[in-house]
Amino acid sequence: MSAPLTAGFIPLVDAAPLIVAREIGFAEEEGLALTLAAAPSWSTLRDQLMLGQIEAAHMLFPMPVAAALGLSGIGTRIDILQVLSLNGNSIGVSRALAARMRANGHDFGFDDAGRAGRALIAASGATLRIGVPFPFSMHAELLFHWLGALGLSAPQDIDVHTVPPPLMAEAIGAGDIDAFCVGAPWGTIAVETGVGEMLLPGTAIRANAPEKVLAVRHDWAEAEPVLTRRLMRAVWRAGRWLGQPENRATAAEILAQGRYLDLPAELIERALTGTLVISPRGEMRQVPDYLVFHGGAAGYPWASQAALVATRIAARLGLARGPAAKAARAICRTDLYRANLADLGADLPRAREQIEGARRRPAAIEAESGPLILPADAFFDGWIFDPDAD
């Protein structure tokens, strides 16, 4: 008999592993009666998880890290069971700001973060108002690293607004913000409604950055090992299914349903294929690995990734970096990943940590089954994070 379990999500394309796990039947095959509940904002979703109103959540990678640093307001430990997706974000600007950038000679080439950032800074004039879905998000981390590397004191020199993803196009159309960083498909919606243009994919700032995770309360995972195992296996199998190109059209149709994203499947498929329309003029760009669900240990919850985010947050807030990194490492459940997914053929690196940002091209590492090829993970400016040096 299937055991009931409720997971929360935000209407984004990268909620697909949970949605596919339910709709294709992976959850049922693993013995779960999976119910999915959409939340209106990331803060609501976090609180629902912490208060026990749901058992699991599709969550921004830095949110459990912030909770580990005592920044959630409630104090409940959240564990990262696995990474749901890499990449999937886009940076967009208002039509007015885009026009100024074009008048200054920027061609919206979509692949040079340095050039695009300098053009943005030059055209923005006064303090740049940027929308992000949540203060503790990869959207914010990418923006702060990008603009900081180009000479701004981020976030001090920018005006950051928190805007739920489905409202991002509305915010830029109303003139409340000048630019945004948001997950698919909401950058596309800004283009489709004629209020914005896409400037860059997140991959231009950092290749293959972790984006969303499967998160649960630590006490729940410890008390419910069987349900934890069933959930992880169902979601991992869904990610593998999503990683097969022949399934993209079907996935788009599933996500398009009213109870999920409630948008045309064609717009969703753009994110799944990386074929993006970046302006109301119809200009198109092809972005390899725009959104990744599987392959190259994509789901592995590297402790070094959490340590990287923790030290950046700690530096901004004046917290001690060493204790912050230690707390963040603890929530990355590589132990459960190994125990619950090994027999499915999951990629299992031997190490819990790696030097982050060191690969400018795919490279091999040691894994349980022999050499494993990991994709590039470099930052646009060549910055790296050595977890042993934090």
# chains A, B, ... in the order shown; residues from 1 in each chain; ligands from 1
>>> select_by_dssp(residues="stretch 60-239 of chain A", states="strand (DSSP E or B)", output="NGL selection string")
:A and (60 or 78-87 or 89-94 or 128-132 or 158-162 or 179-183 or 196-201 or 206 or 210-217)
>>> residues_around(residues="stretch 90-102 of chain A", least_positions_apart="2", cutoff="9 Å", atoms="only C-alpha atoms", output="ChimeraX atom specification")
/A:87-88,104-108,119-120,122-124,130,139,143,172-173,175,177-184,186-188,190-191,194-203,278-279
>>> closest_residue(among="A:Pro349, A:Phe61, A:Asp377, A:Arg333", to="A:Arg361", atoms="only C-alpha atoms")
A:Asp377
>>> closest_residue(among="A:Ala207, A:Leu231, A:Val216, A:Leu242", to="A:Asp47", atoms="only C-alpha atoms")
A:Val216
>>> select_by_dssp(residues="stretch 10-244 of chain A", states="helix (DSSP H, G or I)", output="JSON, numbers by chain")
{"A": [13, 14, 15, 16, 17, 18, 19, 20, 21, 22, 23, 26, 27, 28, 29, 42, 43, 44, 45, 46, 47, 48, 49, 50, 62, 63, 64, 65, 66, 67, 68, 95, 96, 97, 98, 99, 100, 101, 102, 103, 113, 114, 115, 116, 117, 118, 119, 120, 121, 122, 123, 124, 138, 139, 140, 141, 142, 143, 144, 145, 146, 147, 148, 149, 165, 166, 167, 168, 169, 170, 171, 172, 173, 186, 187, 188, 189, 190, 191, 192, 202, 203, 204, 218, 219, 220, 221, 222, 223, 225, 226, 227, 228, 229, 230, 231, 232, 233, 234, 235, 236, 237, 238, 239, 240, 241, 242]}
>>> residues_around(residues="A:Gly114", least_positions_apart="3", cutoff="10 Å", atoms="only C-alpha atoms", output="PDB file with C-alpha atoms, in the first residue's frame")
ATOM      1  CA  ASP A 111      27.258  34.495 -23.802  1.00  0.00           C
ATOM      2  CA  GLY A 117      27.581  43.338 -17.101  1.00  0.00           C
ATOM      3  CA  ARG A 118      29.675  46.345 -18.112  1.00  0.00           C
ATOM      4  CA  ALA A 119      26.976  47.369 -20.589  1.00  0.00           C
ATOM      5  CA  LEU A 120      24.314  47.028 -17.900  1.00  0.00           C
ATOM      6  CA  TRP A 146      28.794  38.887 -11.265  1.00  0.00           C
ATOM      7  CA  LEU A 147      28.359  42.554 -10.441  1.00  0.00           C
ATOM      8  CA  ALA A 149      33.530  41.020 -10.049  1.00  0.00           C
ATOM      9  CA  LEU A 150      32.813  43.960 -12.358  1.00  0.00           C
ATOM     10  CA  ALA A 204      27.195  32.645 -18.491  1.00  0.00           C
ATOM     11  CA  ILE A 205      28.085  33.637 -14.912  1.00  0.00           C
ATOM     12  CA  PHE A 380      33.100  33.700 -15.750  1.00  0.00           C
ATOM     13  CA  ASP A 381      35.927  35.548 -13.994  1.00  0.00           C
TER      14      ASP A 381
END
>>> residues_around(residues="A:Leu261", least_positions_apart="6", cutoff="10 Å", atoms="only C-alpha atoms", output="list in words")
Ile10, Pro11, Leu12, Val13, Ala15, Ala38, Pro166, Pro185, Ala252, Ile254, Leu255 and Ile268 of chain A
>>> write_last_selection(atoms="N, CA and C atoms", output="short mmCIF file (atom, residue, chain, number, x, y, z; two decimals), in the first residue's frame")
data_model
loop_
_atom_site.label_atom_id
_atom_site.label_comp_id
_atom_site.auth_asym_id
_atom_site.auth_seq_id
_atom_site.Cartn_x
_atom_site.Cartn_y
_atom_site.Cartn_z
N ILE A 10 7.15 25.60 -5.94
CA ILE A 10 6.84 26.88 -6.56
C ILE A 10 6.67 26.62 -8.06
N PRO A 11 5.70 27.25 -8.73
CA PRO A 11 5.48 26.99 -10.16
C PRO A 11 6.65 27.44 -11.03
N LEU A 12 7.59 26.54 -11.21
CA LEU A 12 8.78 26.76 -12.01
C LEU A 12 9.07 25.49 -12.79
N VAL A 13 9.75 25.62 -13.91
CA VAL A 13 10.07 24.44 -14.71
C VAL A 13 10.94 23.47 -13.91
N ALA A 15 10.70 22.54 -10.97
CA ALA A 15 9.93 21.66 -10.08
C ALA A 15 9.61 20.34 -10.76
N ALA A 38 1.23 23.63 -4.41
CA ALA A 38 1.89 24.86 -4.85
C ALA A 38 1.85 25.90 -3.74
N PRO A 166 6.33 34.18 -10.24
CA PRO A 166 5.23 34.46 -11.16
C PRO A 166 4.87 35.94 -11.29
N PRO A 185 9.86 29.46 -16.22
CA PRO A 185 9.81 30.19 -17.49
C PRO A 185 9.55 31.67 -17.35
N ALA A 252 6.87 18.95 -21.01
CA ALA A 252 6.29 20.29 -21.14
C ALA A 252 4.77 20.24 -21.04
N ILE A 254 3.00 18.02 -19.40
CA ILE A 254 2.66 17.74 -18.01
C ILE A 254 2.77 19.01 -17.16
N LEU A 255 3.87 19.73 -17.29
CA LEU A 255 4.08 20.93 -16.50
C LEU A 255 3.09 22.03 -16.83
N ILE A 268 7.20 26.41 -21.99
CA ILE A 268 7.93 25.55 -21.06
C ILE A 268 8.99 24.74 -21.80
#
>>> residues_around(residues="stretch 22-30 of chain A", least_positions_apart="3", cutoff="8 Å", atoms="only C-alpha atoms", output="list in words")
Ser2, Leu18, Ile19, Ala33, Leu34, Thr35, Arg230, Leu231, Arg233, Ala234, Val235, Arg237, Ala238 and Ile254 of chain A
>>> residues_around(residues="A:Arg285", least_positions_apart="2", cutoff="8 Å", atoms="only C-alpha atoms", output="PDB file with C-alpha atoms, in the first residue's frame")
ATOM      1  CA  PHE A 110      23.948  36.207 -24.525  1.00  0.00           C
ATOM      2  CA  THR A 275      15.981  27.478 -27.155  1.00  0.00           C
ATOM      3  CA  LEU A 276      15.141  30.939 -25.866  1.00  0.00           C
ATOM      4  CA  VAL A 277      13.432  33.937 -27.417  1.00  0.00           C
ATOM      5  CA  ILE A 278      15.220  36.850 -25.770  1.00  0.00           C
ATOM      6  CA  GLU A 283      15.635  37.159 -31.459  1.00  0.00           C
ATOM      7  CA  VAL A 287      21.901  27.809 -24.617  1.00  0.00           C
TER       8      VAL A 287
END
>>> closest_residue(among="A:Leu214, A:Ile365, A:Leu348, A:Leu167", to="A:Met232", atoms="only C-alpha atoms")
A:Leu214
>>> closest_atom_pairs(of="stretch 149-228 of chain A", to="stretch 306-326 of chain A", cutoff="12 Å", atoms="only C-alpha atoms", output="CSV")
residue,atom,partner,partner_atom,distance
A:Ser153,CA,A:Arg316,CA,10.7
A:Ala154,CA,A:Arg316,CA,9.2
A:Pro155,CA,A:Arg316,CA,8.5
A:Gln156,CA,A:Arg316,CA,9.6
A:Ala209,CA,A:Val309,CA,11.1
A:Pro210,CA,A:Ala306,CA,9.6
A:Glu211,CA,A:Ala306,CA,11.5
A:Val213,CA,A:Ala306,CA,11.4
>>> closest_residue(among="A:Met168, A:Met138, A:Ala256, A:Leu372", to="A:Pro62", atoms="only C-alpha atoms")
A:Met138
>>> closest_residue(among="A:Leu36, A:Ala215, A:Ala367, A:Leu291", to="A:Gly274", atoms="only C-alpha atoms")
A:Leu291
>>> atom_distance(atom1="atom CA of A:Ile355", atom2="atom CA of A:Asp388")
8.5 Å
>>> closest_residue(among="A:Ile158, A:Ala265, A:Ala389, A:Ile331", to="A:Met63", atoms="only C-alpha atoms")
A:Ile331
>>> decode(residues="stretch 250-265 of chain A", atoms="N, CA, C and O atoms", output="PDB file, in the first residue's frame")
ATOM      1  N   THR A 250       6.770  15.731 -23.820  1.00  0.00           N
ATOM      2  CA  THR A 250       5.813  15.183 -22.860  1.00  0.00           C
ATOM      3  C   THR A 250       5.918  15.906 -21.529  1.00  0.00           C
ATOM      4  O   THR A 250       4.902  16.236 -20.897  1.00  0.00           O
ATOM      5  N   ALA A 251       7.153  16.158 -21.087  1.00  0.00           N
ATOM      6  CA  ALA A 251       7.351  16.877 -19.832  1.00  0.00           C
ATOM      7  C   ALA A 251       6.714  18.263 -19.886  1.00  0.00           C
ATOM      8  O   ALA A 251       6.079  18.708 -18.917  1.00  0.00           O
ATOM      9  N   ALA A 252       6.870  18.953 -21.005  1.00  0.00           N
ATOM     10  CA  ALA A 252       6.289  20.285 -21.143  1.00  0.00           C
ATOM     11  C   ALA A 252       4.768  20.236 -21.040  1.00  0.00           C
ATOM     12  O   ALA A 252       4.144  21.102 -20.402  1.00  0.00           O
ATOM     13  N   GLU A 253       4.152  19.231 -21.645  1.00  0.00           N
ATOM     14  CA  GLU A 253       2.699  19.089 -21.563  1.00  0.00           C
ATOM     15  C   GLU A 253       2.250  18.834 -20.127  1.00  0.00           C
ATOM     16  O   GLU A 253       1.225  19.362 -19.676  1.00  0.00           O
ATOM     17  N   ILE A 254       3.003  18.023 -19.400  1.00  0.00           N
ATOM     18  CA  ILE A 254       2.661  17.742 -18.007  1.00  0.00           C
ATOM     19  C   ILE A 254       2.766  19.006 -17.157  1.00  0.00           C
ATOM     20  O   ILE A 254       1.851  19.342 -16.395  1.00  0.00           O
ATOM     21  N   LEU A 255       3.873  19.727 -17.292  1.00  0.00           N
ATOM     22  CA  LEU A 255       4.082  20.928 -16.495  1.00  0.00           C
ATOM     23  C   LEU A 255       3.087  22.031 -16.834  1.00  0.00           C
ATOM     24  O   LEU A 255       2.779  22.882 -15.984  1.00  0.00           O
ATOM     25  N   ALA A 256       2.578  22.027 -18.064  1.00  0.00           N
ATOM     26  CA  ALA A 256       1.661  23.075 -18.507  1.00  0.00           C
ATOM     27  C   ALA A 256       0.301  23.009 -17.827  1.00  0.00           C
ATOM     28  O   ALA A 256      -0.458  23.989 -17.865  1.00  0.00           O
ATOM     29  N   GLN A 257      -0.022  21.895 -17.185  1.00  0.00           N
ATOM     30  CA  GLN A 257      -1.343  21.729 -16.585  1.00  0.00           C
ATOM     31  C   GLN A 257      -1.647  22.841 -15.576  1.00  0.00           C
ATOM     32  O   GLN A 257      -0.763  23.390 -14.937  1.00  0.00           O
ATOM     33  N   GLY A 258      -2.940  23.115 -15.433  1.00  0.00           N
ATOM     34  CA  GLY A 258      -3.385  24.195 -14.568  1.00  0.00           C
ATOM     35  C   GLY A 258      -2.942  24.067 -13.129  1.00  0.00           C
ATOM     36  O   GLY A 258      -2.688  25.069 -12.457  1.00  0.00           O
ATOM     37  N   ARG A 259      -2.815  22.853 -12.634  1.00  0.00           N
ATOM     38  CA  ARG A 259      -2.430  22.682 -11.227  1.00  0.00           C
ATOM     39  C   ARG A 259      -0.934  22.831 -11.015  1.00  0.00           C
ATOM     40  O   ARG A 259      -0.462  22.818  -9.873  1.00  0.00           O
ATOM     41  N   TYR A 260      -0.176  22.966 -12.107  1.00  0.00           N
ATOM     42  CA  TYR A 260       1.273  23.135 -12.001  1.00  0.00           C
ATOM     43  C   TYR A 260       1.668  24.537 -12.468  1.00  0.00           C
ATOM     44  O   TYR A 260       1.559  25.490 -11.719  1.00  0.00           O
ATOM     45  N   LEU A 261       2.111  24.716 -13.708  1.00  0.00           N
ATOM     46  CA  LEU A 261       2.525  26.048 -14.144  1.00  0.00           C
ATOM     47  C   LEU A 261       1.408  26.841 -14.813  1.00  0.00           C
ATOM     48  O   LEU A 261       1.460  28.065 -14.874  1.00  0.00           O
ATOM     49  N   ASP A 262       0.423  26.139 -15.393  1.00  0.00           N
ATOM     50  CA  ASP A 262      -0.720  26.795 -16.033  1.00  0.00           C
ATOM     51  C   ASP A 262      -0.263  27.782 -17.111  1.00  0.00           C
ATOM     52  O   ASP A 262      -0.681  28.935 -17.153  1.00  0.00           O
ATOM     53  N   LEU A 263       0.605  27.299 -17.989  1.00  0.00           N
ATOM     54  CA  LEU A 263       1.150  28.104 -19.074  1.00  0.00           C
ATOM     55  C   LEU A 263       1.202  27.266 -20.346  1.00  0.00           C
ATOM     56  O   LEU A 263       1.160  26.036 -20.279  1.00  0.00           O
ATOM     57  N   PRO A 264       1.322  27.902 -21.518  1.00  0.00           N
ATOM     58  CA  PRO A 264       1.429  27.122 -22.753  1.00  0.00           C
ATOM     59  C   PRO A 264       2.648  26.202 -22.733  1.00  0.00           C
ATOM     60  O   PRO A 264       3.741  26.608 -22.339  1.00  0.00           O
ATOM     61  N   ALA A 265       2.455  24.968 -23.170  1.00  0.00           N
ATOM     62  CA  ALA A 265       3.547  23.993 -23.168  1.00  0.00           C
ATOM     63  C   ALA A 265       4.727  24.462 -24.003  1.00  0.00           C
ATOM     64  O   ALA A 265       5.891  24.165 -23.678  1.00  0.00           O
TER      65      ALA A 265
END
